[in-house]
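Reading through the structure tokens given below for one structure.
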Amino acid sequence: MTHFPRLLLSLYPALARAARFQHAPAASIQGTRPWDAPGLPARSFDRVEVNAVHPQTSALHATQGWTRLSPIGLLGSVLASVARITPAFRPEGTTHGRAARFVLALFAVAFLSAAALAQRVSWDPPAGSLGRGQTSELGLIFEDCSPSGAPALPAIAGLQFGRPSQRSETSIVNFKMSQRVSLVYPVAPTGSGSVVIPEFEVDTDKGKLRVAAATYEIGDATVGRTNVPIERVAAAQLAANPSTVWAGQVFDLQYQLLVSRRYNPTNVGILDWTPPAPLVVEPWAKFEMINATVGGETRVGVATQTRAYLKEAGTLALPVARQTIDLSSGGSAFDFFGGRPNTEQFLITSSVPTVQVKPLPTPVPADFLQAVGQFTFTSKVVPTTVAVGEPITWTLTLAGMGNWPEGLTLPPREVSRDFRAFRPDVQKKVKDGTLFEATLTEDVVLMPTKPGTYTLGPVSFSSFDPKSGTYKTVRTEAVKVIVTPAAASAASITTPNGTAPVFQFTPDTNATTAANPVVKSPAPTLPGHLPMEPLTGSARGGRPSAGIAPAALLAPLPVLLLLWLGLGYRRSRLTDARRAQREALAALPGALAAVQRAQSPADQAAPLREWQRTAALAWGTGHAAPALGAFNAAVQSEIVGATADTVATWARLWTEAEAAIYGRQVPLPPDWATRALMAQSKARLRRRRFFAPLRPSNLWPLLLGALLVAAPRAEAAGPAEGSYRNGEFALAEQAWRASVAVSPDDWMLRHNLALAIAQQGRWSEATAHWSTAFLAAPRDPSVRWHLALGLEKAEFTQPEFAQLSVGTGLARVARAASPAEWQKIVLTGSALLGLAFSCVLIARHYPHRRRLPWAAAVLTFGGVAALVTGFVALHFYGPLAQPNAVLVWQATELRSIPTEAGEQKTEPLAAGTIALAIKPFFGWEQLSFPNGQTGWIRREHLQPLYPKK
């Protein structure tokens, strides 16, 4: 141990060299030096790397740069020093290995302690200021470790954290590899003053680490570098209308966000608003764009609204609504190209609305069932004259807008003991997308047991009307029901006398006794209220014309001839040997435009190659990159009227393009694109022969193809039918709706689509599609059945279709054919009369033809019958026979102009109305009515009776 001080003295230079910061020469130095004496070379090194440890030698590498004190570098230098000096201080027969091992252990512990201290987690920045309502970023930095799962941040009042983004960085300094993982959180301060993120622990791959506390000061947010407060740029308002309501009254909640236009607002976020527990609220409506002027400044923004109610009296401050928006301000003054706009995200907080809820006034009516709103209450009894044992249906209906989520019910009814009641059928229908508009219907089946005259009702219903602030009671009229004796075989039920009790629903399970015989139910009737199976196949219905011209009989002949010639012309173009060349010639201007748009010679290479390929194809060279000689020969043979100058012009263009593509730094002449465009505009390919469309090869195959297309075809059942039979009606509707979009005149597809819609309870929409299918195929029994079923279930009444579905009188004759078929029958009648007149003329010139008068008589009878029947049927169809007829299947409003903005006059338009479509306009359709009135409605409220592509 006498040499231990000398050992420590020899380690000092290594420690000093490892801790030194200085620049080394640019050249790399490598050398070896025996360490037989203490000390270092005169040249110092910034970065030391130990390549090998040898008792006598060591290789050192120095590179230019600077470094900081590194535990690995320090340990490497110390180990090298220890390795070199140990043999020098070992006399013969002695061992100083224990001293060396002690030093090595000491520095190993120091190194491991330094590495352990390097693992930490902290906030970046650890302190500072944040703008209230402005989205900023805070980073949670993991040094030499990584998070294990999502860190659980403490809840902090006045500071909202968003979803973080993760970044990873790895660096190597002095052979030490350090890892840095950053979780960057978007934060939005909502309070004021100081916000402290308390100290907490996070799980890392190196165990639990503690994050130090961080403190931030929250001040007023400003937009960019303008120092303009965000409150002067953007403002949100949440208001209740009215602000003072009755308990249970439905009121409007209106929200709007207005932002100064000069800050170019973009990327409006979702509306963040959580209703309090006592508030019953509907979903927010879609946002609408609005414009306003605030303080002489133009502002733009969004607005939406919803409805809500409170059932408890008192004063309630609703929570604020928050919404993010991006604003742009001027760029930095140091931007080289002149100030690009900076985009920042802000969280805009609305005002705090207050709603005052008043209790309902007293006294309360005895029959008040907590209904608050505007309601209608009706009663209906069908039939009013029955025999003993026949059923009576008593229906009560409550409809309107009010506090339906409170579970509103219908009032009880009173009925004589001489009636037996069956369990009622209660149906509640809520309007789509709402909570406060509904219809409640209750059907009760009564069966009289004694003959006589009875009174059903009246029934009263009381509700509170918030508009007038009073209770309103609706009392239905009493209905007299006459019950006649039953048949001789039927016995009546005797019941004890007494006053009429409050109506109670009892099942039909009374015991059979001599004094109380069972009242038999009415004779069974065949079911008729369920949709049937879908149809399989494809069939397109005819579309009637607007009118029948006198010369319509001969009109098909020239049309057929022109069609035949047109198809022959089309086939001659398709079989043209130069078709590909003509298409390439038409594509040349596009290739030239791409060359002109290129910004540099490197960008011109690809467009030039495309121009060469297109030009070679236009002149029929048969090669994408032909030689210049082959290209010139193709130009000479293909261009009409090609001269030597024409060939020279194209050869020069081709040569310059090849030089610019494949040459070394050969620029394309500036006027190359202009000369190429002029040459292309003068080039003409040889024309097709004039009589080419009349060749038999161009006419007869097309005629055969037209016959094959016109032939009827059957299609196998597709996935839509399978979904329907599996009860997946929404999937079946989606598949059939896609097929109808491709073939809107296919009445089988439309009929099946209506089936899928009806199975989901949308009977009005289904009836509209069945009406279209009926006009295309009125003889189909399934279409007739479902049209009658749809008219029974739909929410509208359509007299024209109702008569056709029943089929009585002239309607039976009219529905024997579609309007398009009746028009063909009229044309056929006209043709028969023409043939009859021809027979008469021939008989006058050839008297020996004795059968011609009889043929003329038969043809005349047939023609007159066809004309009369056809015109009568078309007259019965009336407006349904017009090709532009539409059915309004949903009640809506008729407007004078196609927009919902402004204060224009509107008129209600009832469902079931038949009108004529005049012209469309961006989702609207202008309609014409028999009285001359015209107006606009949304296209989704109507169904074309003769749809077309």
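Just remember, in the structure tokens the first chain shown is A, the second B, etc., residues are 1-based per chain, and ligands are 1-based in the order shown.
Summary of the local environment: counting only C-alpha atoms, residues at most 10 Å from Val872 (chain A), other than itself and those fewer than 6 positions away along its chain, are A:Leu810, A:Val813, A:Ala814, A:Trp822, A:Ala866, A:Gly878.
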Hey, can you spit out that residue selection with C-alpha atoms as a short mmCIF file (atom, residue, chain, number, x, y, z; two decimals), in the first residue's frame?
data_model
loop_
_atom_site.label_atom_id
_atom_site.label_comp_id
_atom_site.auth_asym_id
_atom_site.auth_seq_id
_atom_site.Cartn_x
_atom_site.Cartn_y
_atom_site.Cartn_z
CA LEU A 810 -114.33 2.93 -64.00
CA VAL A 813 -111.19 -0.59 -66.17
CA ALA A 814 -108.49 2.03 -65.65
CA TRP A 822 -103.26 3.17 -72.32
CA ALA A 866 -109.42 1.08 -78.32
CA GLY A 878 -106.17 12.53 -64.65
#
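Shortest atom-to-atom contact with Thr828 (chain A) among A:Arg684, A:Trp650, A:Val459, A:Gly870: A:Gly870, counting only C-alpha atoms.
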Considering only C-alpha atoms, return as a compact mmCIF listing (two decimals) with all heavy atoms, in the first residue's frame whatever protein or nucleic-acid residues lie within 8 Å of Cys839 (chain A), sequence-local ones (same chain, fewer than 5 positions apart) excluded.
# COMPACT_ATOMS: atom_id res chain seq x y z
N LEU A 852 -112.83 -7.66 -97.87
CA LEU A 852 -112.28 -6.38 -97.41
C LEU A 852 -113.30 -5.55 -96.62
O LEU A 852 -112.95 -4.94 -95.61
CB LEU A 852 -111.73 -5.58 -98.59
CG LEU A 852 -110.42 -6.10 -99.20
CD1 LEU A 852 -110.01 -5.27 -100.40
CD2 LEU A 852 -109.31 -6.08 -98.14
N PRO A 853 -114.58 -5.48 -97.01
CA PRO A 853 -115.54 -4.72 -96.18
C PRO A 853 -115.68 -5.30 -94.78
O PRO A 853 -115.81 -4.55 -93.80
CB PRO A 853 -116.82 -4.82 -96.99
CG PRO A 853 -116.38 -5.01 -98.40
CD PRO A 853 -115.17 -5.87 -98.29
N ALA A 855 -113.37 -6.96 -93.14
CA ALA A 855 -112.14 -6.61 -92.42
C ALA A 855 -112.16 -5.15 -91.99
O ALA A 855 -111.74 -4.80 -90.87
CB ALA A 855 -110.93 -6.89 -93.30
N ALA A 856 -112.69 -4.28 -92.88
CA ALA A 856 -112.77 -2.86 -92.51
C ALA A 856 -113.70 -2.66 -91.33
O ALA A 856 -113.45 -1.85 -90.42
CB ALA A 856 -113.23 -2.04 -93.71
Discussion item. Counting only C-alpha atoms, which residue out of A:Glu344, A:Glu282, A:Glu792, A:Glu231 sits closest to Thr266 (chain A)?
Written reply: A:Glu344
Worksheet entry | Residues within 12 Å of Ala586 (chain A), only C-alpha atoms, excluding chain neighbours under 3 positions, as an MDAnalysis selection string | chainID A and resid 579:583 589:592 611 614:615 617:618 677 680:681 683:685
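Separating CA of Ser739 (chain A) from CA of Ser723 (chain A) is a distance of 14.5 Å.
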Discussion item. My list of candidates is A:Phe368, A:Asp745, A:Asp432, A:Thr449. Which is closest to Ala539 (chain A) when distances are computed with only C-alpha atoms?
Written reply: A:Asp745
Worksheet item: Excluding same-chain residues fewer than 6 positions from region 887-901 of chain A, what lies within 8 Å of it counting only C-alpha atoms, as a ChimeraX atom specification?
Response: /A:764-765,768,796,907-915,921,924-925,934-937,941-945
Discussion item. Need the shell around Asn264 (chain A): protein/DNA/RNA residues with any atom at most 9 Å away, counting only C-alpha atoms. Skip same-chain ones fewer than 2 positions apart. Format as a list of chain:residue names?
Written reply: A:Val259, A:Ser260, A:Arg261, A:Arg262, A:Thr266, A:Asp326, A:Leu327, A:Ser328, A:Ser329
Export of the given selection (N, CA and C atoms) as a short mmCIF file (atom, residue, chain, number, x, y, z; two decimals), in the first residue's frame:
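So result-v9.cif came out as:
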data_model
loop_
_atom_site.label_atom_id
_atom_site.label_comp_id
_atom_site.auth_asym_id
_atom_site.auth_seq_id
_atom_site.Cartn_x
_atom_site.Cartn_y
_atom_site.Cartn_z
N VAL A 259 -67.02 35.73 -34.59
CA VAL A 259 -65.58 35.99 -34.64
C VAL A 259 -65.34 37.05 -35.70
N SER A 260 -64.38 37.92 -35.44
CA SER A 260 -64.02 38.94 -36.41
C SER A 260 -63.53 38.30 -37.70
N ARG A 261 -64.05 38.79 -38.82
CA ARG A 261 -63.71 38.19 -40.11
C ARG A 261 -62.24 38.41 -40.46
N ARG A 262 -61.63 39.50 -40.00
CA ARG A 262 -60.26 39.80 -40.44
C ARG A 262 -59.22 38.87 -39.84
N THR A 266 -61.09 29.59 -38.65
CA THR A 266 -61.21 28.26 -39.29
C THR A 266 -61.28 27.20 -38.21
N ASP A 326 -59.70 28.23 -34.52
CA ASP A 326 -58.36 28.66 -34.95
C ASP A 326 -58.46 30.05 -35.56
N LEU A 327 -57.54 30.94 -35.13
CA LEU A 327 -57.49 32.30 -35.65
C LEU A 327 -56.11 32.55 -36.24
N SER A 328 -56.08 33.37 -37.29
CA SER A 328 -54.83 33.69 -37.98
C SER A 328 -54.50 35.15 -37.73
N SER A 329 -53.22 35.43 -37.44
CA SER A 329 -52.74 36.79 -37.26
C SER A 329 -51.52 36.99 -38.13
#
Residue neighbourhood region 472-483 of chain A, 6 Å, only C-alpha atoms, exclusion window fewer than 3 positions, as an mmCIF file with N, CA and C atoms, in the first residue's frame:
data_model
loop_
_atom_site.group_PDB
_atom_site.id
_atom_site.type_symbol
_atom_site.label_atom_id
_atom_site.label_comp_id
_atom_site.auth_asym_id
_atom_site.auth_seq_id
_atom_site.Cartn_x
_atom_site.Cartn_y
_atom_site.Cartn_z
ATOM 1 N N THR A 384 -120.918 2.888 -34.109
ATOM 2 C CA THR A 384 -121.873 3.363 -33.098
ATOM 3 C C THR A 384 -123.143 2.517 -33.057
ATOM 4 N N THR A 385 -123.283 1.594 -33.986
ATOM 5 C CA THR A 385 -124.428 0.675 -33.977
ATOM 6 C C THR A 385 -123.906 -0.743 -34.159
ATOM 7 N N VAL A 386 -124.123 -1.582 -33.136
ATOM 8 C CA VAL A 386 -123.625 -2.950 -33.164
ATOM 9 C C VAL A 386 -124.684 -3.865 -32.558
ATOM 10 N N ALA A 387 -124.455 -5.145 -32.738
ATOM 11 C CA ALA A 387 -125.292 -6.153 -32.088
ATOM 12 C C ALA A 387 -124.568 -6.695 -30.869
ATOM 13 N N PRO A 451 -128.661 -5.553 -25.127
ATOM 14 C CA PRO A 451 -129.101 -4.523 -26.075
ATOM 15 C C PRO A 451 -129.538 -3.264 -25.337
ATOM 16 N N GLY A 452 -129.525 -2.149 -26.048
ATOM 17 C CA GLY A 452 -129.941 -0.888 -25.463
ATOM 18 C C GLY A 452 -129.159 0.263 -26.071
ATOM 19 N N THR A 453 -129.379 1.445 -25.515
ATOM 20 C CA THR A 453 -128.677 2.652 -25.949
ATOM 21 C C THR A 453 -127.762 3.097 -24.814
ATOM 22 N N TYR A 454 -126.491 3.255 -25.126
ATOM 23 C CA TYR A 454 -125.496 3.601 -24.118
ATOM 24 C C TYR A 454 -124.763 4.867 -24.557
ATOM 25 N N THR A 455 -124.151 5.510 -23.579
ATOM 26 C CA THR A 455 -123.379 6.732 -23.810
ATOM 27 C C THR A 455 -121.940 6.492 -23.381
ATOM 28 N N LEU A 456 -121.017 6.710 -24.317
ATOM 29 C CA LEU A 456 -119.580 6.603 -24.042
ATOM 30 C C LEU A 456 -119.003 8.012 -23.979
ATOM 31 N N GLY A 457 -118.471 8.342 -22.828
ATOM 32 C CA GLY A 457 -117.938 9.679 -22.626
ATOM 33 C C GLY A 457 -118.938 10.564 -21.929
ATOM 34 N N PRO A 458 -118.621 11.829 -21.803
ATOM 35 C CA PRO A 458 -117.404 12.498 -22.283
ATOM 36 C C PRO A 458 -116.195 12.201 -21.412
ATOM 37 N N VAL A 459 -114.984 12.488 -21.989
ATOM 38 C CA VAL A 459 -113.717 12.352 -21.274
ATOM 39 C C VAL A 459 -113.033 13.707 -21.295
ATOM 40 N N SER A 460 -112.554 14.125 -20.139
ATOM 41 C CA SER A 460 -111.903 15.434 -20.034
ATOM 42 C C SER A 460 -110.419 15.254 -19.790
ATOM 43 N N PHE A 461 -109.644 16.182 -20.322
ATOM 44 C CA PHE A 461 -108.188 16.184 -20.166
ATOM 45 C C PHE A 461 -107.755 17.606 -19.885
ATOM 46 N N SER A 462 -107.010 17.802 -18.797
ATOM 47 C CA SER A 462 -106.547 19.129 -18.383
ATOM 48 C C SER A 462 -105.032 19.208 -18.524
ATOM 49 N N SER A 463 -104.591 20.317 -19.043
ATOM 50 C CA SER A 463 -103.159 20.589 -19.187
ATOM 51 C C SER A 463 -102.908 22.048 -18.867
#
Item to complete: From region 827-897 of chain A, collect each residue whose DSSP state is helix (DSSP H, G or I) and return the set as a PyMOL selection string.
Response: chain A and resi 827-845+851-881
Discussion item. Restricting the calculation to only C-alpha atoms: of A:Asp603, A:Glu217, A:Glu137, A:Asp205, which residue gets closest to Pro186 (chain A)?
Written reply: A:Glu137
